[in-house]
>>> print(open('start-v4.cif').read())   # mmCIF, C-alpha atoms
data_run
#
loop_
_atom_site.label_atom_id
_atom_site.label_comp_id
_atom_site.auth_asym_id
_atom_site.auth_seq_id
_atom_site.Cartn_x
_atom_site.Cartn_y
_atom_site.Cartn_z
CA MET R 515 -11.12 -43.79 -36.34
CA VAL R 516 -12.06 -44.07 -40.02
CA ASN R 517 -15.48 -42.67 -40.96
CA LYS R 518 -17.48 -45.65 -42.22
CA ASN R 519 -19.65 -43.35 -44.37
CA LEU R 520 -16.61 -41.92 -46.14
CA LYS R 521 -16.67 -42.34 -49.93
CA MET R 522 -13.16 -42.26 -51.30
CA SER R 523 -11.72 -42.46 -54.78
CA LEU R 524 -8.01 -42.54 -55.62
CA ALA R 525 -7.00 -40.53 -58.69
CA LEU R 526 -4.11 -41.97 -60.70
CA ALA R 527 -2.54 -39.40 -63.04
CA ILE R 528 -0.44 -41.91 -64.91
CA THR R 529 1.07 -39.55 -67.49
CA SER R 530 1.52 -35.94 -68.53
CA ALA R 531 1.34 -36.81 -72.22
CA CYS R 532 -1.67 -35.52 -74.13
CA ASN R 533 -2.58 -35.13 -77.78
CA LEU R 534 -4.41 -31.84 -77.12
CA LYS R 535 -3.47 -28.42 -75.76
CA CYS R 536 -6.64 -27.07 -74.14
CA PHE R 537 -6.56 -23.37 -73.28
CA TYR R 538 -7.33 -23.83 -69.58
CA CYS R 539 -4.98 -26.76 -68.93
CA LYS R 540 -1.27 -26.98 -68.14
CA ALA R 541 1.33 -29.02 -69.98
CA SER R 542 1.57 -31.64 -67.23
CA GLY R 543 -2.20 -32.08 -66.93
CA GLU R 544 -3.28 -32.88 -63.38
CA ASN R 545 0.21 -33.88 -62.26
CA LEU R 546 2.04 -32.16 -59.40
CA ASP R 547 4.63 -29.45 -59.88
CA ASN R 548 4.50 -29.59 -63.68
CA ALA R 549 6.01 -33.09 -63.57
CA LEU R 550 6.39 -34.59 -67.03
CA GLY R 551 6.51 -38.25 -68.02
CA THR R 552 4.70 -41.51 -67.25
CA ILE R 553 4.73 -43.48 -64.01
CA ASP R 554 6.46 -46.86 -64.13
CA PHE R 555 3.91 -49.69 -64.40
CA GLU R 556 5.51 -51.83 -61.69
CA THR R 557 5.54 -48.88 -59.29
CA LEU R 558 1.91 -48.17 -60.15
CA LYS R 559 0.85 -51.76 -59.47
CA LYS R 560 2.56 -51.69 -56.08
CA ILE R 561 0.68 -48.51 -55.19
CA ILE R 562 -2.69 -49.88 -56.32
CA VAL R 563 -2.29 -53.05 -54.26
CA SER R 564 -1.55 -51.00 -51.16
CA ALA R 565 -4.45 -48.61 -51.80
CA TYR R 566 -6.86 -51.54 -52.15
CA ASP R 567 -5.46 -53.24 -49.03
CA ASN R 568 -6.27 -50.02 -47.18
CA GLY R 569 -9.89 -50.01 -48.32
CA ILE R 570 -9.87 -47.89 -51.48
CA LYS R 571 -12.01 -49.60 -54.12
CA ASN R 572 -12.82 -46.82 -56.57
CA TYR R 573 -10.20 -45.38 -58.93
CA ARG R 574 -10.05 -42.54 -61.45
CA ILE R 575 -7.53 -42.96 -64.26
CA THR R 576 -6.38 -39.62 -65.64
CA GLY R 577 -3.33 -37.77 -66.94
CA GLY R 578 -2.62 -36.09 -69.36
CA GLU R 579 -4.45 -38.42 -71.66
CA PRO R 580 -4.26 -41.95 -70.18
CA THR R 581 -4.97 -43.74 -73.45
CA THR R 582 -1.59 -42.54 -74.76
CA VAL R 583 0.20 -44.83 -72.29
CA TYR R 584 1.58 -48.08 -73.70
CA TYR R 585 0.42 -50.18 -70.72
CA PHE R 586 -3.14 -48.77 -70.59
CA GLU R 587 -4.85 -52.06 -71.53
CA ASP R 588 -2.61 -54.01 -69.16
CA LEU R 589 -3.54 -51.56 -66.39
CA VAL R 590 -7.28 -52.07 -66.95
CA ASN R 591 -6.86 -55.86 -66.92
CA TYR R 592 -4.63 -55.74 -63.86
CA MET R 593 -7.00 -53.63 -61.78
CA MET R 594 -10.15 -55.45 -62.81
CA ASN R 595 -8.56 -58.80 -61.98
CA LEU R 596 -7.07 -57.63 -58.70
CA ALA R 597 -10.48 -57.68 -57.03
CA THR R 598 -14.09 -57.99 -58.18
CA ASP R 599 -15.24 -54.96 -56.17
CA ILE R 600 -12.84 -52.48 -57.80
CA THR R 601 -14.50 -49.83 -59.98
CA MET R 602 -12.84 -47.45 -62.42
CA ARG R 603 -13.52 -44.16 -64.17
CA ILE R 604 -11.40 -43.36 -67.20
CA THR R 605 -11.07 -39.60 -67.74
CA THR R 606 -10.30 -39.10 -71.43
CA ASN R 607 -10.76 -36.79 -74.39
CA GLY R 608 -11.77 -39.87 -76.39
CA TYR R 609 -8.38 -40.23 -78.04
CA LYS R 610 -7.72 -43.92 -78.75
CA ILE R 611 -10.51 -45.07 -76.41
CA LEU R 612 -11.99 -47.29 -79.14
CA ASN R 613 -8.62 -49.05 -79.36
CA TYR R 614 -9.43 -50.45 -75.93
CA ILE R 615 -13.17 -50.95 -76.32
CA ASP R 616 -12.96 -54.75 -76.04
CA VAL R 617 -11.23 -54.73 -72.66
CA ILE R 618 -13.56 -51.98 -71.41
CA GLU R 619 -16.59 -53.92 -72.59
CA LYS R 620 -15.30 -57.00 -70.78
CA TYR R 621 -15.56 -55.14 -67.46
CA LYS R 622 -18.34 -52.71 -68.41
CA ASN R 623 -20.27 -53.27 -65.18
CA ARG R 624 -17.38 -51.72 -63.25
CA ILE R 625 -16.03 -49.10 -65.68
CA GLU R 626 -17.29 -45.66 -66.67
CA VAL R 627 -15.78 -43.69 -69.55
CA VAL R 628 -15.73 -39.95 -68.77
CA ILE R 629 -15.14 -37.80 -71.86
CA SER R 630 -14.34 -34.10 -71.57
CA VAL R 631 -16.63 -32.13 -73.91
CA ASP R 632 -16.68 -28.37 -73.36
CA SER R 633 -18.35 -26.99 -76.46
CA LEU R 634 -20.66 -27.77 -79.37
CA ASN R 635 -18.16 -26.35 -81.84
CA GLU R 636 -14.40 -26.18 -82.20
CA TYR R 637 -14.44 -22.39 -81.90
CA ILE R 638 -16.49 -19.94 -79.88
CA GLY R 639 -15.42 -16.55 -81.13
CA ASP R 640 -11.61 -16.67 -81.22
CA ILE R 641 -11.36 -19.31 -78.46
CA LYS R 642 -10.44 -22.79 -79.69
CA TYR R 643 -12.06 -25.73 -77.89
CA ASP R 644 -10.05 -28.89 -78.55
CA LYS R 645 -12.60 -30.90 -76.57
CA TYR R 646 -15.89 -30.29 -78.37
CA LEU R 647 -18.85 -32.36 -79.53
CA SER R 648 -17.34 -33.30 -82.87
CA ASP R 649 -18.70 -35.97 -85.22
CA ASN R 650 -15.83 -38.15 -84.03
CA ILE R 651 -16.83 -37.82 -80.36
CA ILE R 652 -20.46 -38.50 -81.25
CA ASN R 653 -19.48 -41.67 -83.13
CA ILE R 654 -17.20 -42.80 -80.29
CA THR R 655 -20.03 -42.22 -77.81
CA LYS R 656 -22.52 -44.17 -79.88
CA GLU R 657 -20.13 -47.11 -80.19
CA LEU R 658 -19.52 -47.19 -76.44
CA LEU R 659 -23.24 -46.99 -75.69
CA LYS R 660 -24.01 -49.69 -78.26
CA ARG R 661 -21.80 -51.98 -76.18
CA GLU R 662 -23.65 -50.87 -73.02
CA ILE R 663 -20.58 -49.11 -71.63
CA LYS R 664 -21.42 -46.26 -69.26
CA VAL R 665 -20.49 -42.84 -70.65
CA ARG R 666 -20.42 -39.45 -68.96
CA TYR R 667 -19.44 -36.07 -70.38
CA ASN R 668 -17.57 -33.53 -68.24
CA ILE R 669 -18.28 -29.89 -69.17
CA VAL R 670 -16.15 -27.06 -67.75
CA ILE R 671 -18.26 -23.90 -67.63
CA THR R 672 -16.58 -20.61 -68.59
CA LYS R 673 -17.76 -17.18 -69.69
CA GLU R 674 -16.81 -18.20 -73.22
CA ASN R 675 -19.11 -21.24 -73.44
CA ILE R 676 -21.95 -20.43 -71.02
CA ASN R 677 -24.36 -19.26 -73.77
CA LYS R 678 -23.81 -22.47 -75.75
CA THR R 679 -23.95 -24.80 -72.75
CA PRO R 680 -27.76 -25.36 -72.71
CA ASP R 681 -27.66 -26.67 -76.29
CA LEU R 682 -24.65 -28.83 -75.44
CA ILE R 683 -26.51 -30.29 -72.44
CA LEU R 684 -29.59 -31.10 -74.50
CA LYS R 685 -27.61 -32.72 -77.31
CA SER R 686 -25.61 -34.75 -74.80
CA LEU R 687 -28.74 -36.00 -73.06
CA ASP R 688 -30.25 -36.89 -76.43
CA LEU R 689 -27.19 -39.03 -77.11
CA GLY R 690 -27.90 -40.90 -73.87
CA VAL R 691 -24.97 -39.86 -71.69
CA ASN R 692 -24.82 -38.58 -68.13
CA LEU R 693 -23.22 -35.19 -67.46
CA LYS R 694 -21.06 -33.42 -64.93
CA LEU R 695 -20.82 -29.62 -64.93
CA LEU R 696 -17.84 -27.93 -63.29
CA ASP R 697 -16.80 -24.33 -62.85
CA LEU R 698 -13.18 -23.25 -63.15
CA ILE R 699 -11.01 -24.01 -60.12
CA LYS R 700 -7.95 -21.85 -59.70
CA HIS R 701 -4.79 -23.89 -59.24
CA ASP R 702 -1.20 -22.85 -58.63
CA LYS R 703 0.43 -22.49 -62.06
CA TYR R 704 -2.61 -24.16 -63.61
CA PHE R 705 -2.76 -22.06 -66.71
CA GLU R 706 -0.20 -21.93 -69.47
CA ARG R 707 0.45 -18.18 -69.51
CA GLU R 708 3.60 -16.09 -69.70
CA SER R 709 3.16 -14.80 -66.16
CA LEU R 710 1.22 -15.54 -63.00
CA LYS R 711 -0.45 -12.16 -63.35
CA GLU R 712 -1.84 -13.30 -66.70
CA ALA R 713 -2.97 -16.54 -65.10
CA ASN R 714 -4.91 -14.57 -62.47
CA GLU R 715 -6.41 -12.31 -65.11
CA PHE R 716 -7.40 -15.31 -67.20
CA PHE R 717 -9.26 -16.84 -64.27
CA GLU R 718 -11.02 -13.61 -63.37
CA ASN R 719 -12.03 -12.98 -66.98
CA SER R 720 -13.15 -16.57 -67.68
CA TYR R 721 -14.75 -17.70 -64.41
CA GLN R 722 -18.50 -18.22 -64.79
CA SER R 723 -20.83 -18.99 -61.92
CA ILE R 724 -22.83 -22.17 -62.46
CA ASP R 725 -25.76 -20.39 -60.79
CA ASP R 726 -26.61 -18.96 -64.21
CA ILE R 727 -27.35 -22.42 -65.62
CA LYS R 728 -29.30 -23.85 -62.67
CA GLU R 729 -32.69 -22.44 -63.69
CA PHE R 730 -32.27 -24.07 -67.08
CA LEU R 731 -31.44 -27.38 -65.39
CA ARG R 732 -34.53 -27.14 -63.19
CA ASN R 733 -36.71 -26.57 -66.24
CA ILE R 734 -35.48 -29.58 -68.20
CA THR R 735 -35.19 -32.16 -65.40
CA ASP R 736 -37.63 -34.16 -63.32
CA ARG R 737 -36.09 -33.92 -59.86
CA TYR R 738 -33.20 -32.52 -57.87
CA GLU R 739 -30.94 -33.76 -55.06
CA GLU R 740 -29.02 -31.26 -52.94
CA ASN R 741 -26.23 -33.79 -52.32
CA PHE R 742 -25.34 -36.26 -55.05
CA ASN R 743 -21.89 -37.71 -54.46
CA MET R 744 -21.40 -41.04 -56.21
CA PHE R 745 -17.74 -41.80 -55.54
CA VAL R 746 -16.39 -39.05 -53.28
CA SER R 747 -18.02 -37.59 -50.17
CA THR R 748 -15.41 -34.89 -49.52
CA GLY R 749 -14.26 -31.82 -51.43
CA ILE R 750 -16.76 -29.46 -53.04
CA PRO R 751 -20.32 -30.71 -52.36
CA MET R 752 -22.04 -31.87 -55.54
CA SER R 753 -25.73 -31.77 -56.42
CA GLY R 754 -27.73 -33.74 -58.95
CA TYR R 755 -30.46 -33.06 -61.52
CA PHE R 756 -32.29 -36.05 -62.99
CA LYS R 757 -34.08 -36.55 -66.29
CA GLY R 758 -35.49 -40.04 -66.74
CA ASN R 759 -32.64 -42.46 -66.10
CA LYS R 760 -29.96 -39.83 -66.79
CA PHE R 761 -28.34 -37.40 -64.38
CA ILE R 762 -26.51 -34.08 -64.46
CA GLN R 763 -24.08 -33.73 -61.59
CA VAL R 764 -23.02 -30.19 -60.66
CA LYS R 765 -19.72 -29.37 -58.94
CA ASP R 766 -20.11 -25.74 -57.86
CA SER R 767 -17.22 -24.11 -55.99
CA ASN R 768 -19.59 -21.47 -54.57
CA ARG R 769 -20.66 -24.13 -52.07
CA GLY R 770 -17.28 -24.22 -50.35
CA SER R 771 -15.30 -27.37 -49.70
CA SER R 772 -14.35 -29.81 -46.95
CA PHE R 773 -11.12 -29.45 -45.00
CA SER R 774 -9.52 -31.45 -42.21
CA GLU R 775 -8.60 -29.92 -38.88
CA ARG R 776 -4.97 -30.12 -39.97
CA CYS R 777 -5.78 -27.95 -43.01
CA VAL R 778 -7.43 -25.33 -40.83
CA ASN R 779 -4.90 -25.29 -38.02
CA GLU R 780 -1.59 -25.97 -39.76
CA CYS R 781 -1.68 -25.39 -43.49
CA PRO R 782 -0.26 -22.00 -44.62
CA TYR R 783 -2.38 -22.23 -47.79
CA PHE R 784 -5.74 -22.80 -46.10
CA ASN R 785 -7.18 -19.34 -46.75
CA LYS R 786 -6.07 -19.53 -50.38
CA CYS R 787 -7.46 -23.01 -51.08
CA GLN R 788 -10.56 -23.47 -53.20
CA GLU R 789 -11.14 -27.19 -53.72
CA GLY R 790 -10.11 -28.45 -50.30
CA MET R 791 -9.88 -32.19 -49.72
CA PHE R 792 -11.40 -33.82 -52.77
CA SER R 793 -9.54 -37.12 -53.07
CA PRO R 794 -6.16 -38.77 -52.56
CA PHE R 795 -4.03 -38.36 -55.66
CA ILE R 796 -1.09 -40.16 -57.25
CA SER R 797 1.04 -38.04 -59.56
CA ASN R 798 3.08 -39.45 -62.42
CA ASN R 799 6.21 -39.15 -60.27
CA GLY R 800 4.77 -41.56 -57.69
CA ILE R 801 3.90 -38.92 -55.10
CA LEU R 802 0.77 -39.40 -53.00
CA SER R 803 -0.96 -36.17 -52.02
CA ILE R 804 -4.36 -34.53 -51.70
CA SER R 805 -5.69 -33.61 -55.14
CA ASN R 806 -4.49 -30.09 -56.07
CA CYS R 807 -2.97 -29.54 -52.61
CA ARG R 808 0.02 -27.17 -52.58
CA ASN R 809 1.21 -28.12 -49.10
CA THR R 810 4.43 -30.08 -49.60
CA LYS R 811 4.27 -31.31 -46.00
CA ILE R 812 1.30 -33.52 -46.90
CA ARG R 813 3.04 -35.60 -49.56
CA TRP R 814 4.55 -39.06 -49.63
CA ASN R 815 6.99 -40.26 -52.31
CA LEU R 816 5.69 -43.80 -52.72
CA SER R 817 8.15 -44.65 -55.50
CA GLU R 818 10.91 -44.75 -52.88
CA MET R 819 8.98 -46.86 -50.35
CA ASN R 820 8.47 -50.53 -49.58
CA LYS R 821 5.01 -52.08 -49.09
CA GLU R 822 4.92 -51.41 -45.35
CA GLU R 823 5.82 -47.76 -45.81
CA ILE R 824 3.27 -47.31 -48.60
CA ASP R 825 0.57 -48.86 -46.41
CA ARG R 826 1.44 -46.46 -43.61
CA SER R 827 1.24 -43.51 -46.00
CA PHE R 828 -2.25 -44.49 -47.15
CA LYS R 829 -3.39 -44.88 -43.55
CA GLU R 830 -2.16 -41.37 -42.79
CA ILE R 831 -3.93 -39.74 -45.73
CA ILE R 832 -7.17 -41.69 -45.18
CA LYS R 833 -7.17 -40.50 -41.56
CA LEU R 834 -7.07 -36.90 -42.82
CA PHE R 835 -10.12 -37.50 -45.01
CA SER R 836 -12.05 -39.18 -42.19
CA ASN R 837 -12.60 -35.97 -40.22
CA THR R 838 -13.52 -33.01 -42.39
CA LYS R 839 -15.79 -29.98 -42.22
CA ILE R 840 -17.16 -27.65 -44.90
CA TYR R 841 -15.57 -24.19 -45.09
CA ASN R 842 -16.10 -21.52 -47.72
CA ASN R 843 -12.90 -19.55 -48.28
CA PHE R 844 -14.09 -17.69 -51.34
CA GLU R 845 -16.69 -15.05 -52.06
CA PHE R 846 -17.95 -15.20 -55.63
CA SER R 847 -20.32 -12.86 -57.40
CA LYS R 848 -21.34 -12.37 -61.00
CA LYS R 849 -19.37 -9.12 -61.21
CA GLU R 850 -16.34 -9.74 -59.05
CA ILE R 851 -14.14 -12.58 -57.89
CA LYS R 852 -12.30 -11.92 -54.66
CA TYR R 853 -9.20 -14.07 -54.82
CA PRO R 854 -6.38 -12.53 -52.77
CA VAL R 855 -3.45 -14.44 -54.20
CA GLU R 856 -0.23 -13.99 -56.10
CA PHE R 857 1.73 -17.22 -56.17
CA ASP R 858 5.23 -15.72 -56.40
CA GLY R 859 6.86 -15.99 -52.97
CA ILE R 860 3.67 -17.25 -51.41
CA ASP R 861 5.39 -19.44 -48.81
CA ASN R 862 7.18 -16.56 -47.09
CA GLU R 863 4.32 -14.08 -47.46
CA MET R 864 1.72 -16.44 -46.09
CA ARG R 865 3.78 -17.30 -43.06
CA LYS R 866 3.90 -13.59 -42.22
CA GLU R 867 0.10 -13.38 -42.16
#
>>> encode(input="start-v4.cif", output="structure tokens")
Amino acid sequence: MVNKNLKMSLALAITSACNLKCFYCKASGENLDNALGTIDFETLKKIIVSAYDNGIKNYRITGGEPTTVYYFEDLVNYMMNLATDITMRITTNGYKILNYIDVIEKYKNRIEVVISVDSLNEYIGDIKYDKYLSDNIINITKELLKREIKVRYNIVITKENINKTPDLILKSLDLGVNLKLLDLIKHDKYFERESLKEANEFFENSYQSIDDIKEFLRNITDRYEENFNMFVSTGIPMSGYFKGNKFIQVKDSNRGSSFSERCVNECPYFNKCQEGMFSPFISNNGILSISNCRNTKIRWNLSEMNKEEIDRSFKEIIKLFSNTKIYNNFEFSKKEIKYPVEFDGIDNEMRKE
């Protein structure tokens, strides 16, 4: 039985292409298995129709950078005209977004533009932040807001930017945007490093607990909600801080995450998983999976399926999301991160445990 209170959002990573090379991202962006390229538009439309027919009404368009894709405007028009209750979030670094401002404005009541902004300046020490609050981003934001288009900034908190984050939050709120703060989540092969050992060291050296910013948030906001999940009710629980008509949503991996019984009982990666079941996810190769899930047994190659088979795949994944429970597989502290993982040979090693 499907949980009627379940909030579900389907992420569509339509491309791996991006105009930036952020230090904590991989070349394929959010896509599975370092897959490169762009999903075929006709295949994507077939998937979206099936997802909607199975009750999914909220969508997150991501990549890579989705505004690099030649059919981006056609995609927005297609989805907005498919049904009047479909809503969309566009996750972008701002690149080319003004090229599509007219079509976004046309459907502004159902679209939110989410811009990644991780720093006030391009450099903090010797770390380069491609996604920072540049004059260009400020001007893009002002133009979107002038047209009454909803804008939110996503800020990934690290040790490198934590001291600058309060100023970034204040300047962002002054601009009139909502915010979402996230800590680093460790993914398999997520970081572009020469070795997995370096990837682990990078995470351990850069991870910053969001706890260290919460007192600041309490001091500058009017009220707080322990659970503030707008589009997704699974995954890492999110909280909300409110200042006037603006909000700051906090996604804090210290709070654990939701998992299905199948994750707990069957998945060999369960004790190594940090984000749990956040949302269904379509990669640029047409594969349906759970966002960031490494278990290849919970994947469906929709590009090779007909409508009936795609429908059945969505029913199966929605059923998994309908019965979840919060587990906390990780112990974080300010001084130490206990993360017992080396990804080389993990399949065989984990099955021995």
>>> atom_distance(input="start-v4.cif", atom1="atom CA of Pro794 of chain R", atom2="atom CA of Ile832 of chain R")
8.0 Å
>>> closest_atom_pairs(input="start-v4.cif", of="segment 553-634 of chain R", to="segment 789-793 of chain R", cutoff="12 Å", atoms="all atoms listed in the file", output="CSV")
residue,atom,partner,partner_atom,distance
R:Ile570,CA,R:Ser793,CA,10.9
R:Asn572,CA,R:Ser793,CA,10.8
R:Tyr573,CA,R:Ser793,CA,10.1
R:Arg574,CA,R:Ser793,CA,10.0
>>> resolve_selection(input="start-v4.cif", expression="the PyMOL selection byres ((chain R and resi 805) around 10)", output="JSON, numbers by chain")
{"R": [524, 525, 544, 545, 546, 749, 789, 790, 791, 792, 793, 794, 795, 796, 797, 802, 803, 804, 806, 807, 808]}
>>> closest_residue(input="start-v4.cif", among="R:Thr601, R:Asn733, R:Asn815, R:Ser686", to="Lys622 of chain R", atoms="only C-alpha atoms")
R:Thr601
>>> resolve_selection(input="start-v4.cif", expression="the PyMOL selection byres ((chain R and resi 838-841) around 6)", output="PyMOL selection string")
chain R and resi 770-774+837+842
>>> residues_around(input="start-v4.cif", residues="segment 666-681 of chain R", least_positions_apart="3", cutoff="9 Å", atoms="all atoms listed in the file", output="number ranges by chain")
R: 605, 626-634, 638-639, 641, 684-686, 691-698, 719-724, 726-727, 730-731
>>> closest_residue(input="start-v4.cif", among="R:Leu612, R:Ala565, R:Ile750, R:Ile831", to="Lys656 of chain R", atoms="only C-alpha atoms")
R:Leu612
>>> atom_distance(input="start-v4.cif", atom1="atom CA of Glu780 of chain R", atom2="atom CA of Arg826 of chain R")
21.1 Å
>>> atom_distance(input="start-v4.cif", atom1="atom CA of Lys560 of chain R", atom2="atom CA of Val665 of chain R")
28.7 Å
>>> closest_residue(input="start-v4.cif", among="R:Cys787, R:Ile553, R:Ile652, R:Ile734", to="Ser530 of chain R", atoms="all atoms listed in the file")
R:Ile553
>>> residues_around(input="start-v4.cif", residues="Asp588 of chain R", least_positions_apart="5", cutoff="12 Å", atoms="all atoms listed in the file", output="PyMOL selection string")
chain R and resi 555-556+558-559+581+583+593-596+614+617-618
>>> write_last_selection(input="start-v4.cif", atoms="C-alpha atoms", output="PDB file, in the coordinates of the input")
ATOM      1  CA  PHE R 555       3.910 -49.690 -64.400  1.00  0.00           C
ATOM      2  CA  GLU R 556       5.510 -51.830 -61.690  1.00  0.00           C
ATOM      3  CA  LEU R 558       1.910 -48.170 -60.150  1.00  0.00           C
ATOM      4  CA  LYS R 559       0.850 -51.760 -59.470  1.00  0.00           C
ATOM      5  CA  THR R 581      -4.970 -43.740 -73.450  1.00  0.00           C
ATOM      6  CA  VAL R 583       0.200 -44.830 -72.290  1.00  0.00           C
ATOM      7  CA  MET R 593      -7.000 -53.630 -61.780  1.00  0.00           C
ATOM      8  CA  MET R 594     -10.150 -55.450 -62.810  1.00  0.00           C
ATOM      9  CA  ASN R 595      -8.560 -58.800 -61.980  1.00  0.00           C
ATOM     10  CA  LEU R 596      -7.070 -57.630 -58.700  1.00  0.00           C
ATOM     11  CA  TYR R 614      -9.430 -50.450 -75.930  1.00  0.00           C
ATOM     12  CA  VAL R 617     -11.230 -54.730 -72.660  1.00  0.00           C
ATOM     13  CA  ILE R 618     -13.560 -51.980 -71.410  1.00  0.00           C
TER      14      ILE R 618
END
>>> resolve_selection(input="start-v4.cif", expression="the PyMOL selection byres ((chain R and resi 582) around 8)", output="PyMOL selection string")
chain R and resi 531-532+579-581+583-584+586+609-610
>>> residues_around(input="start-v4.cif", residues="Thr552 of chain R", least_positions_apart="5", cutoff="6 Å", atoms="all atoms listed in the file", output="PyMOL selection string")
chain R and resi 528-529+798
>>> residues_around(input="start-v4.cif", residues="Glu740 of chain R", least_positions_apart="3", cutoff="10 Å", atoms="all atoms listed in the file", output="tab-separated table (two decimals) with C-alpha atoms, in the frame of the given file")
chain	number	residue	atom	x	y	z
R	743	ASN	CA	-21.89	-37.71	-54.46
R	751	PRO	CA	-20.32	-30.71	-52.36
R	752	MET	CA	-22.04	-31.87	-55.54
R	753	SER	CA	-25.73	-31.77	-56.42
R	754	GLY	CA	-27.73	-33.74	-58.95
R	755	TYR	CA	-30.46	-33.06	-61.52
R	764	VAL	CA	-23.02	-30.19	-60.66
>>> closest_residue(input="start-v4.cif", among="R:Thr810, R:Ile762, R:Arg661, R:Phe717", to="Tyr738 of chain R", atoms="all atoms listed in the file")
R:Ile762
>>> closest_residue(input="start-v4.cif", among="R:Arg624, R:Lys645, R:Lys829, R:Lys760", to="Ile663 of chain R", atoms="all atoms listed in the file")
R:Arg624
>>> residues_around(input="start-v4.cif", residues="Leu520 of chain R", least_positions_apart="5", cutoff="8 Å", atoms="only C-alpha atoms", output="list in words")
Val746, Ser747, Thr748, Phe835 and Ser836 of chain R
>>> write_last_selection(input="start-v4.cif", atoms="C-alpha atoms", output="PDB file, in the frame of the given file")
ATOM      1  CA  VAL R 746     -16.390 -39.050 -53.280  1.00  0.00           C
ATOM      2  CA  SER R 747     -18.020 -37.590 -50.170  1.00  0.00           C
ATOM      3  CA  THR R 748     -15.410 -34.890 -49.520  1.00  0.00           C
ATOM      4  CA  PHE R 835     -10.120 -37.500 -45.010  1.00  0.00           C
ATOM      5  CA  SER R 836     -12.050 -39.180 -42.190  1.00  0.00           C
TER       6      SER R 836
END
>>> closest_residue(input="start-v4.cif", among="R:Asp644, R:Glu715, R:Asp725, R:Glu657", to="Ile615 of chain R", atoms="all atoms listed in the file")
R:Glu657
